[in-house]
$ cat coords-v3.txt   # compact mmCIF, C-alpha atoms
# COMPACT_ATOMS: atom_id res chain seq x y z
CA MET C 981 0.00 0.00 0.00
CA ALA C 982 2.86 2.40 0.76
CA SER C 983 4.18 2.07 -2.80
CA ARG C 984 0.71 2.85 -4.17
CA PHE C 985 0.50 6.03 -2.08
CA LEU C 986 3.93 7.00 -3.44
CA GLN C 987 2.69 6.29 -6.94
CA ALA C 988 -0.28 8.60 -6.36
CA LEU C 989 2.09 11.33 -5.15
CA VAL C 990 4.30 10.92 -8.22
CA ALA C 991 1.26 11.07 -10.50
CA PHE C 992 0.08 14.25 -8.77
CA ALA C 993 3.50 15.89 -9.13
CA SER C 994 3.76 14.84 -12.78
CA LEU C 995 0.39 16.34 -13.56
CA LEU C 996 1.30 19.63 -11.95
CA LEU C 997 4.65 19.83 -13.70
CA GLY C 998 3.24 18.67 -17.02
CA ALA C 999 0.24 21.03 -17.11
CA CYS C 1000 -2.06 18.04 -16.74
CA THR C 1001 -0.51 15.72 -19.28
CA VAL C 1002 0.22 12.10 -18.58
CA GLU C 1003 3.01 9.83 -19.73
CA PHE C 1004 3.32 6.17 -18.83
CA ASP C 1005 6.57 4.28 -19.31
CA ALA C 1006 6.41 0.62 -20.27
CA GLY C 1007 10.07 0.37 -19.37
CA ASN C 1008 9.13 1.02 -15.76
CA PRO C 1009 5.52 -0.15 -15.42
CA PRO C 1010 3.61 0.16 -12.14
CA PRO C 1011 3.40 -2.93 -9.93
CA PRO C 1012 0.20 -4.96 -9.62
CA ILE C 1013 -2.26 -3.56 -7.09
CA ALA C 1014 -2.00 -6.89 -5.22
CA PRO C 1015 0.38 -9.85 -5.48
CA GLY C 1016 -0.53 -11.95 -8.50
CA SER C 1017 -3.11 -9.48 -9.79
CA THR C 1018 -3.36 -8.66 -13.50
CA VAL C 1019 -4.45 -5.12 -12.58
CA HIS C 1020 -2.00 -2.22 -12.25
CA GLY C 1021 -2.59 1.35 -11.10
CA LEU C 1022 -1.80 4.17 -13.52
CA ILE C 1023 -3.16 7.20 -11.64
CA GLU C 1024 -4.43 6.63 -8.12
CA TRP C 1025 -5.50 9.84 -6.43
CA ASP C 1026 -6.90 7.69 -3.65
CA PRO C 1027 -5.41 4.18 -3.50
CA SER C 1028 -8.04 3.25 -0.90
CA GLN C 1029 -10.66 3.94 -3.62
CA ALA C 1030 -12.98 5.41 -0.97
CA SER C 1031 -13.28 8.80 -2.66
CA THR C 1032 -12.93 7.90 -6.35
CA LEU C 1033 -14.63 6.30 -9.28
CA ASN C 1034 -12.31 3.63 -10.63
CA ILE C 1035 -11.74 3.15 -14.35
CA LEU C 1036 -10.11 -0.05 -15.62
CA PHE C 1037 -8.75 -0.16 -19.17
CA VAL C 1038 -8.78 -3.54 -20.91
CA PRO C 1039 -6.74 -4.19 -24.08
CA ASP C 1040 -8.09 -6.12 -26.99
CA THR C 1041 -5.93 -8.91 -28.35
CA SER C 1042 -4.61 -6.73 -31.21
CA TYR C 1043 -2.17 -5.11 -28.75
CA GLY C 1044 -0.43 -8.47 -28.42
CA ASP C 1045 1.42 -9.85 -25.42
CA LEU C 1046 1.72 -6.99 -22.92
CA SER C 1047 4.77 -8.58 -21.33
CA VAL C 1048 6.53 -7.27 -24.46
CA GLU C 1049 7.61 -3.70 -23.69
CA ALA C 1050 6.77 -2.32 -27.15
CA ASN C 1051 3.24 -3.73 -26.99
CA LEU C 1052 2.65 -2.37 -23.51
CA GLN C 1053 3.96 1.04 -24.58
CA ALA C 1054 1.51 1.11 -27.50
CA PHE C 1055 -1.34 0.38 -25.07
CA PHE C 1056 -0.04 3.04 -22.67
CA GLU C 1057 0.11 5.65 -25.42
CA ASP C 1058 -3.51 4.99 -26.37
CA ILE C 1059 -4.53 5.30 -22.71
CA GLU C 1060 -2.63 8.59 -22.40
CA LEU C 1061 -4.66 10.05 -25.25
CA VAL C 1062 -7.92 8.60 -23.95
CA ILE C 1063 -7.33 10.44 -20.67
CA GLU C 1064 -6.01 13.71 -22.14
CA GLN C 1065 -8.13 13.98 -25.29
CA GLY C 1066 -11.13 12.13 -23.91
CA TYR C 1067 -11.91 12.61 -20.24
CA TRP C 1068 -9.94 15.82 -19.75
CA GLN C 1069 -11.47 17.45 -22.82
CA ASN C 1070 -14.79 17.32 -20.98
CA ASN C 1071 -14.94 20.08 -18.40
CA ALA C 1072 -17.06 18.12 -15.91
CA TYR C 1073 -14.46 15.33 -15.79
CA TYR C 1074 -11.50 17.71 -15.85
CA VAL C 1075 -12.52 19.95 -12.96
CA ASN C 1076 -13.11 16.79 -10.92
CA LEU C 1077 -10.06 14.87 -12.13
CA GLY C 1078 -9.12 13.87 -8.58
CA ARG C 1079 -12.32 11.82 -8.33
CA PHE C 1080 -11.14 9.29 -10.91
CA ASN C 1081 -8.52 6.57 -10.47
CA TYR C 1082 -7.18 4.89 -13.61
CA TYR C 1083 -6.00 1.28 -13.91
CA TYR C 1084 -5.15 -1.22 -16.62
CA THR C 1085 -5.18 -4.97 -16.84
CA THR C 1086 -2.81 -7.16 -18.83
CA ALA C 1087 -5.64 -9.63 -19.52
CA ALA C 1088 -7.04 -9.09 -23.02
CA GLY C 1089 -10.55 -9.33 -24.46
CA THR C 1090 -12.07 -9.11 -27.92
CA ALA C 1091 -14.80 -7.06 -29.59
CA SER C 1092 -16.20 -8.02 -32.97
CA ALA C 1093 -19.10 -7.16 -35.26
CA PRO C 1094 -22.48 -8.12 -33.81
CA THR C 1095 -24.15 -11.33 -34.85
CA THR C 1096 -27.49 -9.83 -33.78
CA GLY C 1097 -28.55 -6.32 -32.82
CA ILE C 1098 -26.33 -3.23 -32.90
CA CYS C 1099 -23.84 -3.88 -30.10
CA PRO C 1100 -20.54 -5.67 -30.63
CA ASP C 1101 -19.97 -9.23 -29.54
CA VAL C 1102 -17.51 -8.96 -26.66
CA THR C 1103 -15.40 -11.57 -24.92
CA TRP C 1104 -14.36 -10.17 -21.56
CA PRO C 1105 -11.33 -11.60 -19.79
CA ALA C 1106 -12.43 -13.36 -16.61
CA GLN C 1107 -10.00 -11.23 -14.58
CA VAL C 1108 -12.19 -8.12 -14.88
CA ASP C 1109 -14.65 -9.82 -12.54
CA THR C 1110 -11.98 -11.02 -10.11
CA ASP C 1111 -8.88 -8.81 -10.08
CA GLY C 1112 -10.97 -5.93 -11.42
CA ALA C 1113 -14.14 -6.47 -9.40
CA PHE C 1114 -13.60 -3.10 -7.68
CA ALA C 1115 -13.81 -1.10 -10.93
CA ASP C 1116 -16.80 1.16 -11.51
CA LEU C 1117 -16.05 1.17 -15.23
CA VAL C 1118 -14.39 -1.59 -17.24
CA LEU C 1119 -13.55 -0.13 -20.65
CA LEU C 1120 -12.34 -2.41 -23.44
CA LEU C 1121 -10.21 -0.52 -25.97
CA HIS C 1122 -10.44 -2.17 -29.39
CA THR C 1123 -8.74 -1.10 -32.59
CA ASN C 1124 -11.34 -2.35 -35.08
CA SER C 1125 -14.19 -0.07 -36.18
CA LEU C 1126 -17.45 -0.91 -34.40
CA ARG C 1127 -20.51 0.73 -32.93
CA ASP C 1128 -19.91 0.73 -29.19
CA CYS C 1129 -22.16 -0.01 -26.25
CA ARG C 1130 -22.38 -0.20 -22.48
CA TRP C 1131 -23.51 -3.19 -20.42
CA GLY C 1132 -23.78 -2.35 -16.72
CA ARG C 1133 -20.30 -1.30 -15.61
CA LYS C 1134 -18.69 -2.56 -18.83
CA ALA C 1135 -18.30 -0.64 -22.09
CA THR C 1136 -16.29 -0.62 -25.32
CA SER C 1137 -14.65 2.06 -27.46
CA GLU C 1138 -12.02 2.59 -30.08
CA PRO C 1139 -9.14 4.39 -28.36
CA THR C 1140 -9.21 7.33 -30.80
CA SER C 1141 -12.99 7.84 -30.61
CA TYR C 1142 -12.64 10.21 -27.69
CA ARG C 1143 -16.26 11.36 -27.59
CA THR C 1144 -17.36 7.73 -27.63
CA VAL C 1145 -15.04 7.02 -24.69
CA VAL C 1146 -16.65 9.77 -22.61
CA HIS C 1147 -20.18 8.96 -23.82
CA GLU C 1148 -19.98 5.27 -22.93
CA SER C 1149 -18.12 6.01 -19.70
CA THR C 1150 -20.85 8.43 -18.62
CA HIS C 1151 -23.42 5.69 -19.19
CA ALA C 1152 -21.51 3.28 -16.99
CA LEU C 1153 -20.28 5.60 -14.25
CA PHE C 1154 -23.42 7.70 -13.82
CA ASN C 1155 -26.21 5.61 -15.40
CA ILE C 1156 -27.24 8.46 -17.70
CA PRO C 1157 -29.27 7.28 -20.71
CA ASP C 1158 -28.81 8.08 -24.37
CA GLU C 1159 -30.38 11.36 -25.45
CA TYR C 1160 -30.34 10.90 -29.22
CA CYS C 1161 -33.03 9.48 -31.45
CA CYS C 1162 -33.83 6.73 -32.11
CA ASP C 1163 -32.06 3.40 -31.42
CA GLY C 1164 -30.22 4.09 -28.16
CA GLY C 1165 -30.69 2.90 -24.61
CA TYR C 1166 -33.57 4.81 -23.02
CA TYR C 1167 -35.01 4.80 -19.50
CA VAL C 1168 -36.40 7.35 -17.08
CA ALA C 1169 -33.53 9.27 -15.50
CA GLN C 1170 -34.69 12.59 -14.11
CA PRO C 1171 -33.87 15.39 -14.75
CA VAL C 1172 -32.51 14.13 -18.11
CA LEU C 1173 -35.16 11.85 -19.62
CA TYR C 1174 -38.87 11.40 -18.88
CA SER C 1175 -41.66 9.13 -20.04
CA SER C 1176 -44.21 11.93 -20.48
CA SER C 1177 -44.50 15.61 -21.25
CA ALA C 1178 -46.35 16.16 -17.99
CA SER C 1179 -43.58 14.69 -15.84
CA CYS C 1180 -40.89 16.62 -17.72
CA ASN C 1181 -42.71 19.93 -17.42
CA ALA C 1182 -43.66 19.42 -13.77
CA ASP C 1183 -40.19 18.55 -12.45
CA ALA C 1184 -38.82 21.42 -10.38
CA ALA C 1185 -35.31 19.97 -10.74
CA ASN C 1186 -35.10 21.02 -14.40
CA ALA C 1187 -36.66 24.48 -14.02
CA ALA C 1188 -33.37 26.31 -14.68
CA TRP C 1189 -33.09 25.02 -18.25
CA ARG C 1190 -36.41 23.33 -19.01
CA ASP C 1191 -37.41 23.04 -22.66
CA CYS C 1192 -39.04 19.64 -22.94
CA VAL C 1193 -38.95 18.06 -26.38
CA SER C 1194 -39.92 14.58 -27.47
CA PHE C 1195 -38.58 11.86 -29.74
CA THR C 1196 -39.87 8.41 -30.54
CA SER C 1197 -37.59 5.40 -30.37
CA THR C 1198 -37.47 2.68 -33.00
CA GLY C 1199 -39.40 0.56 -30.49
CA GLY C 1200 -42.27 3.02 -30.63
CA THR C 1201 -41.88 4.61 -27.18
CA THR C 1202 -41.96 8.40 -26.88
CA TRP C 1203 -39.45 10.01 -24.53
CA TRP C 1204 -39.13 13.58 -23.30
CA ARG C 1205 -35.81 15.32 -22.89
CA SER C 1206 -35.57 18.39 -20.64
CA GLU C 1207 -32.65 20.03 -22.50
CA ASP C 1208 -34.43 20.57 -25.85
CA SER C 1209 -32.13 19.65 -28.76
CA ILE C 1210 -28.71 20.77 -27.48
CA SER C 1211 -25.87 18.54 -28.55
CA ASP C 1212 -24.22 17.29 -25.37
CA ILE C 1213 -22.00 14.30 -24.68
CA MET C 1214 -24.98 11.92 -24.45
CA VAL C 1215 -26.38 12.94 -27.82
CA SER C 1216 -23.59 11.69 -30.05
CA ALA C 1217 -20.35 9.77 -30.26
CA GLY C 1218 -17.24 10.19 -32.39
CA SER C 1219 -13.81 11.76 -32.05
CA VAL C 1220 -14.30 15.33 -30.78
CA VAL C 1221 -15.43 15.58 -27.16
CA VAL C 1222 -18.29 17.90 -26.22
CA GLU C 1223 -19.61 18.97 -22.83
CA VAL C 1224 -22.30 17.61 -20.55
CA GLY C 1225 -25.60 19.40 -20.32
CA PRO C 1226 -26.97 20.81 -17.06
CA ALA C 1227 -29.33 17.86 -16.66
CA ASP C 1228 -26.46 15.40 -17.05
CA TRP C 1229 -24.45 17.33 -14.48
CA ALA C 1230 -27.30 17.13 -11.95
CA ILE C 1231 -26.96 13.33 -11.96
CA MET C 1232 -23.17 13.38 -12.10
CA GLU C 1233 -22.99 15.79 -9.19
CA ASP C 1234 -25.12 13.51 -7.02
CA VAL C 1235 -22.71 10.64 -7.64
CA LEU C 1236 -19.50 12.66 -7.27
CA SER C 1237 -20.60 14.61 -4.20
CA ALA C 1238 -21.15 11.33 -2.37
CA LEU C 1239 -17.39 10.78 -2.73
CA GLY C 1240 -16.31 14.20 -1.45
CA ALA C 1241 -15.94 17.83 -2.51
CA THR C 1242 -17.12 18.41 -6.08
CA SER C 1243 -16.41 21.22 -8.55
CA THR C 1244 -19.13 22.50 -10.86
CA PRO C 1245 -18.15 22.71 -14.54
CA SER C 1246 -17.54 26.20 -15.89
CA VAL C 1247 -18.91 25.19 -19.30
CA PHE C 1248 -22.07 23.31 -20.30
CA ALA C 1249 -23.23 22.20 -23.73
CA PRO C 1250 -23.81 23.62 -26.26
CA ALA C 1251 -20.85 25.84 -25.29
CA SER C 1252 -17.44 24.24 -25.77
CA TRP C 1253 -14.21 24.14 -23.81
CA ASP C 1254 -10.76 23.20 -24.97
CA HIS C 1255 -8.13 21.71 -22.69
CA THR C 1256 -4.87 21.95 -24.58
CA PRO C 1257 -1.94 20.90 -22.36
$ encode --input "coords-v3.txt" --output "structure tokens"
Amino acid sequence: MASRFLQALVAFASLLLGACTVEFDAGNPPPPIAPGSTVHGLIEWDPSQASTLNILFVPDTSYGDLSVEANLQAFFEDIELVIEQGYWQNNAYYVNLGRFNYYYTTAAGTASAPTTGICPDVTWPAQVDTDGAFADLVLLLHTNSLRDCRWGRKATSEPTSYRTVVHESTHALFNIPDEYCCDGGYYVAQPVLYSSSASCNADAANAAWRDCVSFTSTGGTTWWRSEDSISDIMVSAGSVVVEVGPADWAIMEDVLSALGATSTPSVFAPASWDHTP
């Protein structure tokens, strides 16, 4: 545990000195979080995990054997960009960066084109449910082009689809539904999504931004969104990260504030913010 606290201190110092950039060295990789574990800590603001959400990166098999330094470095470099160009390009994540620990596992999985439906067929390494059972988000990084999805605490993304990374992560970490039409994952999650106009327009929690608009899913159900048609992180995926909307933040804040002090974003969609280290 002492070495993990030292690692957190080193990470903190590196971020300060590097203007919030990260660099992981496969020539000197972090130790496992426990003897025999396949999971290693990359950035641990709180090694006890009591005040953080914990993100575990899983490689797909295209990275190869991660005991080979060059392969591990390639995985590290993708993770660096996922953190810097993904999470830290979203103001809500960035201003609360100390609420997120980051880990990786050397156990690989696979993601392939779906045999049915729209979500990829995924083979998860068994270790994510043993060594990585603590993780709030298990994110498989795959290099093939696929439409990505979230299943409970597990999700997939291409490492360079930074908006997809944040979109799928926000599903898993905060249980916020899709806000686009028409074939996403929809469920009542106030003050974001409602099952009727009446409930959307009567909710005092969305009064500050309320403009309830509807869309109908491919399954025929009509949903009401409190943020009209603004394009926030839950509306679309892709490469360029956008911000959360105020309704999304209301849910995120509830989760994060249960862990400790929380900072409110300075920017909400549709406005944009650029973190350029």
$ closest_residue --input "coords-v3.txt" --among "C:Glu1148, C:Ser1175, C:Tyr1067, C:Ser1216" --to "C:Asp1254" --atoms "all atoms listed in the file"
C:Tyr1067
$ closest_atom_pairs --input "coords-v3.txt" --of "stretch 1140-1221 of chain C" --to "stretch 1109-1121 of chain C" --cutoff "9 Å" --atoms "all atoms listed in the file" --output "CSV"
residue,atom,partner,partner_atom,distance
C:Val1145,CA,C:Leu1119,CA,8.3
C:Glu1148,CA,C:Leu1119,CA,8.7
C:Ser1149,CA,C:Leu1117,CA,6.9
C:Ala1152,CA,C:Leu1117,CA,6.1
C:Leu1153,CA,C:Leu1117,CA,6.2
$ residues_around --input "coords-v3.txt" --residues "C:Asp1163" --least-positions-apart "6" --cutoff "8 Å" --atoms "all atoms listed in the file" --output "VMD selection string"
chain C and resid 1197 to 1199
$ closest_residue --input "coords-v3.txt" --among "C:Asn1124, C:Ser1206, C:Thr1001, C:Thr1150" --to "C:Leu1061" --atoms "only C-alpha atoms"
C:Thr1001
$ residues_around --input "coords-v3.txt" --residues "C:Phe1004" --least-positions-apart "2" --cutoff "10 Å" --atoms "all atoms listed in the file" --output "compact mmCIF listing (two decimals) with C-alpha atoms, keeping the file's coordinate frame"
# COMPACT_ATOMS: atom_id res chain seq x y z
CA ALA C 991 1.26 11.07 -10.50
CA VAL C 1002 0.22 12.10 -18.58
CA ALA C 1006 6.41 0.62 -20.27
CA GLY C 1007 10.07 0.37 -19.37
CA ASN C 1008 9.13 1.02 -15.76
CA PRO C 1009 5.52 -0.15 -15.42
CA PRO C 1010 3.61 0.16 -12.14
CA LEU C 1022 -1.80 4.17 -13.52
CA ILE C 1023 -3.16 7.20 -11.64
CA LEU C 1052 2.65 -2.37 -23.51
CA GLN C 1053 3.96 1.04 -24.58
CA PHE C 1055 -1.34 0.38 -25.07
CA PHE C 1056 -0.04 3.04 -22.67
CA GLU C 1057 0.11 5.65 -25.42
CA ILE C 1059 -4.53 5.30 -22.71
CA GLU C 1060 -2.63 8.59 -22.40
$ residues_around --input "coords-v3.txt" --residues "C:Asn1081" --least-positions-apart "6" --cutoff "10 Å" --atoms "all atoms listed in the file" --output "ChimeraX atom specification"
/C:988,1021-1027,1029,1031-1036,1115-1116
$ atom_distance --input "coords-v3.txt" --atom1 "atom CA of C:Glu1064" --atom2 "atom CA of C:Thr1136"
17.9 Å
$ atom_distance --input "coords-v3.txt" --atom1 "atom CA of C:Asp1212" --atom2 "atom CA of C:Tyr1167"
17.5 Å
$ residues_near_point --input "coords-v3.txt" --point "(-2.7, -8.3, -8.2)" --cutoff "12 Å" --atoms "only C-alpha atoms" --output "CSV table (one decimal) with C-alpha atoms, in the frame of the given file"
chain,number,residue,atom,x,y,z
C,981,MET,CA,0.0,0.0,0.0
C,1010,PRO,CA,3.6,0.2,-12.1
C,1011,PRO,CA,3.4,-2.9,-9.9
C,1012,PRO,CA,0.2,-5.0,-9.6
C,1013,ILE,CA,-2.3,-3.6,-7.1
C,1014,ALA,CA,-2.0,-6.9,-5.2
C,1015,PRO,CA,0.4,-9.8,-5.5
C,1016,GLY,CA,-0.5,-12.0,-8.5
C,1017,SER,CA,-3.1,-9.5,-9.8
C,1018,THR,CA,-3.4,-8.7,-13.5
C,1019,VAL,CA,-4.4,-5.1,-12.6
C,1020,HIS,CA,-2.0,-2.2,-12.2
C,1021,GLY,CA,-2.6,1.4,-11.1
C,1083,TYR,CA,-6.0,1.3,-13.9
C,1084,TYR,CA,-5.2,-1.2,-16.6
C,1085,THR,CA,-5.2,-5.0,-16.8
C,1086,THR,CA,-2.8,-7.2,-18.8
C,1087,ALA,CA,-5.6,-9.6,-19.5
C,1107,GLN,CA,-10.0,-11.2,-14.6
C,1108,VAL,CA,-12.2,-8.1,-14.9
C,1110,THR,CA,-12.0,-11.0,-10.1
C,1111,ASP,CA,-8.9,-8.8,-10.1
C,1112,GLY,CA,-11.0,-5.9,-11.4
C,1113,ALA,CA,-14.1,-6.5,-9.4
$ atom_distance --input "coords-v3.txt" --atom1 "atom CA of C:Asp1208" --atom2 "atom CA of C:Leu1126"
28.7 Å
$ closest_residue --input "coords-v3.txt" --among "C:Asn1076, C:Ser1125, C:Asn1186, C:Ser1176" --to "C:Trp1204" --atoms "only C-alpha atoms"
C:Ser1176
$ residues_near_point --input "coords-v3.txt" --point "(-17.8, 17.3, -1.8)" --cutoff "12 Å" --atoms "only C-alpha atoms" --output "number ranges by chain"
C: 1031-1032, 1076, 1078-1079, 1233-1244
$ residues_around --input "coords-v3.txt" --residues "C:His1122" --least-positions-apart "2" --cutoff "7 Å" --atoms "all atoms listed in the file" --output "list of chain:residue names"
C:Pro1039, C:Asp1040, C:Ala1091, C:Leu1120, C:Asn1124, C:Ser1137, C:Glu1138, C:Pro1139
$ build_atoms --input "coords-v3.txt" --residues "stretch 1182-1193 of chain C" --atoms "N, CA and C atoms" --output "CSV table (one decimal), keeping the file's coordinate frame"
chain,number,residue,atom,x,y,z
C,1182,ALA,N,-43.3,19.2,-15.2
C,1182,ALA,CA,-43.7,19.4,-13.8
C,1182,ALA,C,-42.5,19.2,-12.8
C,1183,ASP,N,-41.3,18.8,-13.3
C,1183,ASP,CA,-40.2,18.6,-12.4
C,1183,ASP,C,-39.4,19.8,-12.1
C,1184,ALA,N,-39.5,20.2,-10.8
C,1184,ALA,CA,-38.8,21.4,-10.4
C,1184,ALA,C,-37.3,21.3,-10.6
C,1185,ALA,N,-36.8,20.1,-10.6
C,1185,ALA,CA,-35.3,20.0,-10.7
C,1185,ALA,C,-34.8,20.5,-12.1
C,1186,ASN,N,-35.6,20.6,-13.1
C,1186,ASN,CA,-35.1,21.0,-14.4
C,1186,ASN,C,-35.5,22.4,-14.7
C,1187,ALA,N,-36.1,23.2,-13.8
C,1187,ALA,CA,-36.7,24.5,-14.0
C,1187,ALA,C,-35.7,25.5,-14.6
C,1188,ALA,N,-34.4,25.3,-14.2
C,1188,ALA,CA,-33.4,26.3,-14.7
C,1188,ALA,C,-33.1,26.3,-16.2
C,1189,TRP,N,-33.4,25.1,-16.8
C,1189,TRP,CA,-33.1,25.0,-18.2
C,1189,TRP,C,-34.2,24.4,-19.0
C,1190,ARG,N,-35.3,24.2,-18.4
C,1190,ARG,CA,-36.4,23.3,-19.0
C,1190,ARG,C,-36.9,23.8,-20.4
C,1191,ASP,N,-36.8,22.9,-21.3
C,1191,ASP,CA,-37.4,23.0,-22.7
C,1191,ASP,C,-37.7,21.6,-23.2
C,1192,CYS,N,-38.8,21.1,-22.7
C,1192,CYS,CA,-39.0,19.6,-22.9
C,1192,CYS,C,-39.4,19.4,-24.4
C,1193,VAL,N,-38.7,18.5,-25.0
C,1193,VAL,CA,-39.0,18.1,-26.4
C,1193,VAL,C,-39.0,16.5,-26.4
